[in-house]
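**Q** entry_26.txt is reproduced in full below (compact mmCIF, C-alpha atoms).
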```txt
# COMPACT_ATOMS: atom_id res chain seq x y z
CA MET A 269 -2.10 -48.19 18.56
CA THR A 270 1.50 -47.65 17.43
CA ASP A 271 2.56 -44.04 17.09
CA ILE A 272 4.90 -44.08 14.07
CA ASN A 273 3.46 -44.18 10.55
CA LEU A 274 5.63 -46.39 8.35
CA GLU A 275 4.32 -45.29 4.98
CA GLY A 276 7.42 -44.45 2.94
CA ALA A 277 9.76 -45.54 5.74
CA ARG A 278 13.01 -47.19 4.64
CA ILE A 279 13.43 -50.45 6.52
CA ILE A 280 16.17 -53.08 6.27
CA ILE A 281 15.40 -56.65 7.32
CA VAL A 282 18.44 -58.90 7.60
CA GLY A 283 17.20 -62.47 7.40
CA GLY A 284 14.13 -61.34 5.48
CA SER A 285 14.10 -64.11 2.89
CA SER A 286 12.21 -66.63 5.04
CA GLY A 287 10.27 -67.24 8.23
CA MET A 288 9.75 -64.30 10.58
CA GLY A 289 11.68 -61.85 8.44
CA LEU A 290 9.65 -62.67 5.35
CA ALA A 291 6.40 -62.29 7.29
CA LEU A 292 7.59 -58.91 8.54
CA ALA A 293 8.52 -57.79 5.03
CA ARG A 294 5.04 -58.68 3.79
CA ARG A 295 3.42 -56.70 6.59
CA LEU A 296 5.59 -53.62 6.18
CA LEU A 297 5.13 -53.54 2.41
CA ALA A 298 1.37 -53.63 2.95
CA GLU A 299 1.76 -50.50 5.08
CA GLY A 300 3.60 -48.67 2.32
CA ALA A 301 7.14 -49.02 3.65
CA ARG A 302 10.15 -49.31 1.36
CA VAL A 303 11.75 -52.58 2.38
CA THR A 304 15.16 -54.09 1.71
CA ILE A 305 15.57 -57.75 2.61
CA ALA A 306 19.16 -58.89 3.04
CA GLY A 307 20.71 -62.33 3.36
CA ARG A 308 23.55 -64.52 2.20
CA SER A 309 21.76 -66.40 -0.57
CA ALA A 310 20.89 -64.53 -3.76
CA GLU A 311 18.67 -67.44 -4.78
CA ARG A 312 16.64 -67.31 -1.57
CA LEU A 313 16.33 -63.55 -1.85
CA GLU A 314 14.96 -63.84 -5.37
CA ALA A 315 12.55 -66.56 -4.26
CA ALA A 316 11.37 -64.26 -1.46
CA ARG A 317 10.86 -61.44 -3.94
CA GLN A 318 8.61 -63.64 -6.05
CA THR A 319 6.75 -64.89 -2.96
CA LEU A 320 6.02 -61.28 -2.05
CA GLY A 321 4.74 -60.55 -5.54
CA ASP A 322 7.76 -58.60 -6.81
CA PRO A 323 6.54 -55.25 -5.42
CA ALA A 324 8.14 -51.99 -6.55
CA ASP A 325 9.00 -50.99 -2.96
CA LEU A 326 11.07 -54.14 -2.33
CA ASN A 327 14.84 -54.34 -2.78
CA THR A 328 17.17 -57.24 -2.04
CA ALA A 329 20.81 -57.23 -1.00
CA ALA A 330 23.31 -60.05 -0.61
CA LEU A 331 24.90 -59.61 2.81
CA ASP A 332 26.89 -61.92 5.07
CA LEU A 333 26.56 -60.89 8.72
CA THR A 334 29.82 -62.65 9.56
CA ARG A 335 31.86 -60.32 7.34
CA GLU A 336 32.48 -56.88 8.77
CA GLU A 337 33.69 -55.47 5.49
CA GLU A 338 30.43 -56.45 3.78
CA ILE A 339 28.32 -54.79 6.46
CA ALA A 340 30.43 -51.64 6.34
CA ALA A 341 30.16 -51.47 2.53
CA PHE A 342 26.42 -52.13 2.62
CA PHE A 343 25.66 -49.19 4.89
CA ARG A 344 28.15 -46.96 3.10
CA ASP A 345 26.23 -47.46 -0.14
CA CYS A 346 22.61 -47.90 0.96
CA GLY A 347 21.73 -44.29 1.79
CA PRO A 348 19.47 -43.12 4.63
CA VAL A 349 17.55 -45.74 6.61
CA ASP A 350 14.72 -45.36 9.13
CA HIS A 351 14.70 -48.77 10.84
CA ILE A 352 16.90 -51.87 10.94
CA VAL A 353 15.71 -55.36 11.87
CA SER A 354 17.63 -58.62 12.10
CA THR A 355 15.97 -62.01 12.32
CA ALA A 356 19.03 -63.86 11.00
CA ALA A 357 20.44 -66.90 12.79
CA ASP A 358 22.73 -69.73 11.74
CA ILE A 359 22.18 -72.56 14.21
CA GLU A 360 22.95 -75.50 11.93
CA GLY A 361 24.82 -78.12 13.94
CA ALA A 362 24.58 -76.17 17.20
CA TYR A 363 21.81 -78.19 18.90
CA GLN A 364 24.05 -80.95 20.24
CA LEU A 365 24.97 -82.40 23.59
CA LEU A 366 28.37 -81.17 24.71
CA PRO A 367 30.31 -84.32 23.74
CA ASP A 368 29.08 -83.94 20.15
CA LEU A 369 29.20 -80.15 19.86
CA GLN A 370 31.66 -78.82 17.31
CA LEU A 371 33.23 -75.46 18.07
CA ALA A 372 32.71 -74.32 14.47
CA ALA A 373 28.94 -74.73 14.85
CA ALA A 374 28.97 -72.76 18.10
CA GLN A 375 31.01 -70.03 16.46
CA ARG A 376 28.47 -69.70 13.64
CA VAL A 377 25.73 -69.03 16.20
CA VAL A 378 27.83 -66.37 17.91
CA GLU A 379 28.72 -64.73 14.61
CA SER A 380 25.14 -64.63 13.30
CA LYS A 381 23.27 -63.78 16.52
CA PHE A 382 25.78 -61.65 18.43
CA TYR A 383 28.63 -60.29 16.34
CA GLY A 384 26.30 -59.75 13.38
CA PRO A 385 23.86 -57.59 15.37
CA LEU A 386 26.80 -55.76 16.98
CA LEU A 387 28.15 -54.88 13.52
CA LEU A 388 24.71 -53.91 12.22
CA ALA A 389 24.47 -51.43 15.08
CA LYS A 390 28.03 -50.18 14.58
CA TYR A 391 27.63 -49.39 10.90
CA GLY A 392 23.87 -48.94 10.69
CA ALA A 393 23.34 -46.47 13.53
CA PRO A 394 25.03 -43.56 11.70
CA CYS A 395 22.53 -44.01 8.84
CA LEU A 396 19.49 -43.72 11.12
CA PRO A 397 17.63 -40.55 12.13
CA PRO A 398 17.17 -39.79 15.84
CA SER A 399 13.67 -41.32 15.57
CA GLY A 400 15.03 -44.55 14.11
CA SER A 401 15.20 -47.99 15.66
CA ILE A 402 17.12 -51.25 15.63
CA THR A 403 15.32 -54.48 16.49
CA PHE A 404 16.96 -57.86 17.01
CA THR A 405 15.60 -61.37 17.60
CA SER A 406 16.51 -63.23 20.77
CA GLY A 407 14.69 -66.36 21.96
CA VAL A 408 13.08 -68.19 24.84
CA ALA A 409 16.09 -70.48 25.17
CA ALA A 410 17.72 -67.72 27.21
CA TYR A 411 15.04 -68.35 29.88
CA ARG A 412 14.08 -71.99 29.35
CA PRO A 413 17.23 -73.73 28.14
CA ALA A 414 17.09 -77.40 27.25
CA ALA A 415 19.67 -80.11 26.82
CA ARG A 416 21.49 -79.63 23.50
CA GLY A 417 20.66 -75.92 23.54
CA SER A 418 23.49 -74.50 25.65
CA VAL A 419 25.03 -72.40 22.89
CA VAL A 420 21.76 -70.93 21.66
CA ALA A 421 20.68 -70.13 25.23
CA ALA A 422 23.96 -68.37 25.97
CA VAL A 423 23.99 -66.32 22.76
CA ASN A 424 20.37 -65.21 23.20
CA ALA A 425 21.17 -64.05 26.71
CA ALA A 426 24.25 -62.18 25.47
CA LEU A 427 22.23 -60.51 22.72
CA GLU A 428 19.70 -59.24 25.26
CA GLY A 429 22.52 -57.71 27.29
CA LEU A 430 23.76 -56.03 24.13
CA VAL A 431 20.29 -54.60 23.46
CA ARG A 432 20.16 -52.93 26.86
CA ALA A 433 23.66 -51.49 26.52
CA LEU A 434 23.09 -50.19 23.00
CA ALA A 435 19.79 -48.58 24.02
CA VAL A 436 21.84 -46.42 26.40
CA GLU A 437 24.82 -45.83 24.13
CA LEU A 438 22.91 -45.05 20.93
CA ALA A 439 20.08 -43.00 22.48
CA PRO A 440 17.86 -41.42 21.27
CA LEU A 441 17.90 -44.27 18.72
CA ARG A 442 15.76 -47.07 20.09
CA VAL A 443 17.19 -50.59 20.38
CA ASN A 444 14.96 -53.54 21.26
CA ALA A 445 14.57 -57.27 20.77
CA VAL A 446 11.72 -59.70 20.33
CA SER A 447 12.13 -63.00 22.15
CA PRO A 448 10.11 -65.66 20.31
CA GLY A 449 9.23 -69.04 21.68
CA TRP A 450 8.63 -72.11 19.56
CA VAL A 451 7.70 -70.79 16.11
CA ASP A 452 7.01 -72.86 13.01
CA THR A 453 9.82 -71.63 10.75
CA PRO A 454 12.41 -73.36 8.53
CA ILE A 455 14.93 -73.21 11.37
CA TRP A 456 13.24 -76.29 12.84
CA ASN A 457 14.52 -78.31 9.91
CA PHE A 458 17.95 -78.02 11.51
CA VAL A 459 16.72 -78.57 15.05
CA ALA A 460 14.39 -81.54 14.56
CA GLY A 461 14.93 -82.78 11.00
CA ASP A 462 12.29 -85.24 9.85
CA ALA A 463 10.67 -85.10 13.28
CA LYS A 464 9.80 -81.40 12.88
CA LEU A 465 6.01 -81.83 12.63
CA ALA A 466 5.75 -84.25 15.54
CA THR A 467 8.07 -82.08 17.62
CA LEU A 468 6.01 -78.94 17.07
CA GLU A 469 2.76 -80.79 17.79
CA ALA A 470 4.16 -82.03 21.10
CA MET A 471 5.35 -78.54 21.96
CA ALA A 472 1.92 -77.05 21.25
CA LYS A 473 0.36 -79.30 23.88
CA ARG A 474 2.74 -77.96 26.53
CA LEU A 475 2.11 -74.26 25.95
CA PRO A 476 -0.62 -72.25 27.71
CA ALA A 477 -1.49 -70.72 24.32
CA GLY A 478 -2.25 -74.21 22.99
CA ARG A 479 -0.21 -73.81 19.82
CA VAL A 480 3.25 -72.94 18.60
CA GLY A 481 3.91 -69.55 17.13
CA ARG A 482 3.51 -68.45 13.55
CA PRO A 483 5.86 -66.09 11.71
CA ASP A 484 3.09 -63.47 11.64
CA ASP A 485 2.96 -63.50 15.45
CA ILE A 486 6.58 -62.39 15.59
CA ALA A 487 6.14 -59.92 12.74
CA ASP A 488 3.36 -58.26 14.76
CA ALA A 489 5.69 -57.94 17.75
CA ILE A 490 8.53 -56.46 15.71
CA ARG A 491 6.11 -54.03 14.09
CA PHE A 492 5.06 -52.87 17.55
CA LEU A 493 8.65 -52.22 18.61
CA ILE A 494 9.40 -50.33 15.40
CA GLY A 495 6.31 -48.21 15.78
CA ASN A 496 6.25 -47.41 19.49
CA GLY A 497 8.47 -44.40 20.09
CA PHE A 498 8.63 -45.01 23.85
CA ALA A 499 9.97 -48.58 23.71
CA THR A 500 13.73 -48.96 24.03
CA GLY A 501 16.00 -51.40 25.81
CA THR A 502 13.00 -53.73 25.83
CA ILE A 503 12.82 -57.50 25.38
CA LEU A 504 9.33 -58.28 24.11
CA HIS A 505 8.39 -61.89 24.87
CA VAL A 506 6.11 -63.56 22.33
CA GLU A 507 6.24 -67.21 23.31
CA GLY A 508 2.76 -68.51 24.10
CA GLY A 509 3.45 -68.64 27.82
CA HIS A 510 6.55 -70.81 27.47
CA ARG A 511 8.35 -69.07 30.34
CA LEU A 512 5.53 -70.13 32.67
CA VAL A 513 5.79 -73.88 32.11
```
Output the file's structure in the form of structure tokens.

**A**
Amino acid sequence: MTDINLEGARIIIVGGSSGMGLALARRLLAEGARVTIAGRSAERLEAARQTLGDPADLNTAALDLTREEEIAAFFRDCGPVDHIVSTAADIEGAYQLLPDLQLAAAQRVVESKFYGPLLLAKYGAPCLPPSGSITFTSGVAAYRPAARGSVVAAVNAALEGLVRALAVELAPLRVNAVSPGWVDTPIWNFVAGDAKLATLEAMAKRLPAGRVGRPDDIADAIRFLIGNGFATGTILHVEGGHRLV
């Protein structure tokens, strides 16, 4: 049983227009939270709004995590916030063997999954109450890296180090991360392309849980970290036993 009631809570989800972030937005809205989903694409944000039924407690905001001035302006204008979540990641072109890896693709991963969270904490923390929280999204690649995944593995590991350091520096604000395993989200369109379905089916057979994750699985985990006032500096693994095999 989580110990923080989220009815009326003001929660920002960066990356909330699809996948895990969208699932989290749906769950939090059902609990009575006031949710803002942020992302780079106004069209995707509007599509997410319609998918969620255009609720009165939902706001959208165009925000590019790679632009410090946009993040600073966003938090300057958004008013008080209770919790901040980021599920955003730009990994397009990053899953390559080293001879084919382009530095620009690697830089996009670093900007979206490390510098972006760093800037969210820098500018978002002053808007949070002492009981507030920041939750990021890491990934199992930090523990079970595969060929072609060197950049993603390294950035996930760096993000987890950042979480632990920020939990100390920003205390009593709580800073945590969820580390998903293989989850059926649109990100696999970049990783596997047309082979997405077959790839996920093969992965499911390897996992002790017998299936790949669903966005709702990760939303549940993030909701726990938001709501548990004694969890900070924590990496919550939700990966179907992937680290065991």

**Q** Please indicate the distance in Å from CA of Leu388 (chain A) to CA of Leu333 (chain A), rounded to one decimal place.

**A** 8.0 Å

**Q** Residues at most 12 Å from Gly478 (chain A), counting all atoms listed in the file, excluding those fewer than 6 positions away in the same chain, as a PyMOL selection string?

**A** chain A and resi 450+468-472+507-510

**Q** Go through A:Ile281, A:Leu465, A:Ala445, A:Ala293 one by one, measure the shortest atom-to-atom distance of each to Glu428 (chain A) using all atoms listed in the file, and give the residue with the smallest value.

**A** A:Ala445

**Q** Show which residues sit within 12 Å of region 307-313 of chain A, as a PyMOL selection string. Count only C-alpha atoms, and ignore same-chain residues fewer than 3 positions away.

**A** chain A and resi 280-287+289-290+293+304+316-320+322+326-335+338-339+342+354-358+380+384

**Q** Tell me which protein, DNA and RNA residues are within 7 Å of Ala435 (chain A), counting only C-alpha atoms, leaving out same-chain ones fewer than 4 positions away, and put them as number ranges by chain.

**A** A: 431, 439, 442-443, 500-501

**Q** Taking (8.4, -71.7, 18.5) in the file's coordinates as the center, which residues reach within 6 Å of it, counting all atoms listed in the file, put as an MDAnalysis selection string?

**A** chainID A and resid 449:452 480:481

**Q** Working from the structure I just supplied, which lacks atoms in region 302-335 of chain A, can you model N, CA and C atoms there and output them as a tab-separated table (two decimals), in the frame of the given file?

**A**
```tsv
chain	number	residue	atom	x	y	z
A	302	ARG	N	9.17	-48.90	2.36
A	302	ARG	CA	10.15	-49.31	1.36
A	302	ARG	C	11.13	-50.26	2.04
A	303	VAL	N	11.09	-51.51	1.64
A	303	VAL	CA	11.75	-52.58	2.38
A	303	VAL	C	12.93	-53.14	1.59
A	304	THR	N	14.03	-53.35	2.27
A	304	THR	CA	15.16	-54.09	1.71
A	304	THR	C	15.35	-55.34	2.55
A	305	ILE	N	15.26	-56.50	1.91
A	305	ILE	CA	15.57	-57.75	2.61
A	305	ILE	C	16.99	-58.17	2.23
A	306	ALA	N	17.76	-58.54	3.24
A	306	ALA	CA	19.16	-58.89	3.04
A	306	ALA	C	19.43	-60.29	3.58
A	307	GLY	N	20.33	-61.00	2.92
A	307	GLY	CA	20.71	-62.33	3.36
A	307	GLY	C	21.87	-62.83	2.52
A	308	ARG	N	22.36	-64.01	2.87
A	308	ARG	CA	23.55	-64.52	2.20
A	308	ARG	C	23.26	-65.12	0.83
A	309	SER	N	22.07	-65.64	0.64
A	309	SER	CA	21.76	-66.40	-0.57
A	309	SER	C	20.98	-65.56	-1.57
A	310	ALA	N	21.59	-65.28	-2.71
A	310	ALA	CA	20.89	-64.53	-3.76
A	310	ALA	C	19.68	-65.30	-4.26
A	311	GLU	N	19.78	-66.62	-4.31
A	311	GLU	CA	18.67	-67.44	-4.78
A	311	GLU	C	17.48	-67.35	-3.84
A	312	ARG	N	17.73	-67.41	-2.54
A	312	ARG	CA	16.64	-67.31	-1.57
A	312	ARG	C	16.03	-65.91	-1.58
A	313	LEU	N	16.86	-64.91	-1.78
A	313	LEU	CA	16.33	-63.55	-1.85
A	313	LEU	C	15.41	-63.38	-3.05
A	314	GLU	N	15.81	-63.94	-4.18
A	314	GLU	CA	14.96	-63.84	-5.37
A	314	GLU	C	13.67	-64.62	-5.18
A	315	ALA	N	13.76	-65.79	-4.54
A	315	ALA	CA	12.55	-66.56	-4.26
A	315	ALA	C	11.61	-65.78	-3.35
A	316	ALA	N	12.18	-65.08	-2.36
A	316	ALA	CA	11.37	-64.26	-1.46
A	316	ALA	C	10.70	-63.13	-2.22
A	317	ARG	N	11.44	-62.52	-3.13
A	317	ARG	CA	10.86	-61.44	-3.94
A	317	ARG	C	9.63	-61.94	-4.71
A	318	GLN	N	9.73	-63.10	-5.29
A	318	GLN	CA	8.61	-63.64	-6.05
A	318	GLN	C	7.45	-64.02	-5.12
A	319	THR	N	7.78	-64.56	-3.93
A	319	THR	CA	6.75	-64.89	-2.96
A	319	THR	C	5.97	-63.66	-2.55
A	320	LEU	N	6.65	-62.54	-2.46
A	320	LEU	CA	6.02	-61.28	-2.05
A	320	LEU	C	5.34	-60.56	-3.21
A	321	GLY	N	5.43	-61.14	-4.39
A	321	GLY	CA	4.74	-60.55	-5.54
A	321	GLY	C	5.55	-59.53	-6.30
A	322	ASP	N	6.86	-59.50	-6.10
A	322	ASP	CA	7.76	-58.60	-6.81
A	322	ASP	C	7.30	-57.15	-6.74
A	323	PRO	N	7.04	-56.62	-5.54
A	323	PRO	CA	6.54	-55.25	-5.42
A	323	PRO	C	7.62	-54.22	-5.73
A	324	ALA	N	7.20	-53.05	-6.17
A	324	ALA	CA	8.14	-51.99	-6.55
A	324	ALA	C	8.92	-51.46	-5.35
A	325	ASP	N	8.35	-51.54	-4.15
A	325	ASP	CA	9.00	-50.99	-2.96
A	325	ASP	C	9.91	-51.99	-2.26
A	326	LEU	N	10.21	-53.11	-2.92
A	326	LEU	CA	11.07	-54.14	-2.33
A	326	LEU	C	12.41	-54.18	-3.04
A	327	ASN	N	13.48	-54.13	-2.27
A	327	ASN	CA	14.84	-54.34	-2.78
A	327	ASN	C	15.46	-55.53	-2.06
A	328	THR	N	16.44	-56.14	-2.67
A	328	THR	CA	17.17	-57.24	-2.04
A	328	THR	C	18.65	-56.91	-2.05
A	329	ALA	N	19.37	-57.48	-1.09
A	329	ALA	CA	20.81	-57.23	-1.00
A	329	ALA	C	21.49	-58.47	-0.43
A	330	ALA	N	22.50	-58.95	-1.12
A	330	ALA	CA	23.31	-60.05	-0.61
A	330	ALA	C	24.22	-59.52	0.48
A	331	LEU	N	24.14	-60.12	1.66
A	331	LEU	CA	24.90	-59.61	2.81
A	331	LEU	C	25.19	-60.75	3.77
A	332	ASP	N	26.46	-60.89	4.12
A	332	ASP	CA	26.89	-61.92	5.07
A	332	ASP	C	27.20	-61.23	6.40
A	333	LEU	N	26.40	-61.53	7.42
A	333	LEU	CA	26.56	-60.89	8.72
A	333	LEU	C	27.88	-61.23	9.40
A	334	THR	N	28.56	-62.26	8.94
A	334	THR	CA	29.82	-62.65	9.56
A	334	THR	C	31.01	-61.89	8.99
A	335	ARG	N	30.77	-61.04	8.01
A	335	ARG	CA	31.86	-60.32	7.34
A	335	ARG	C	31.72	-58.82	7.58
```
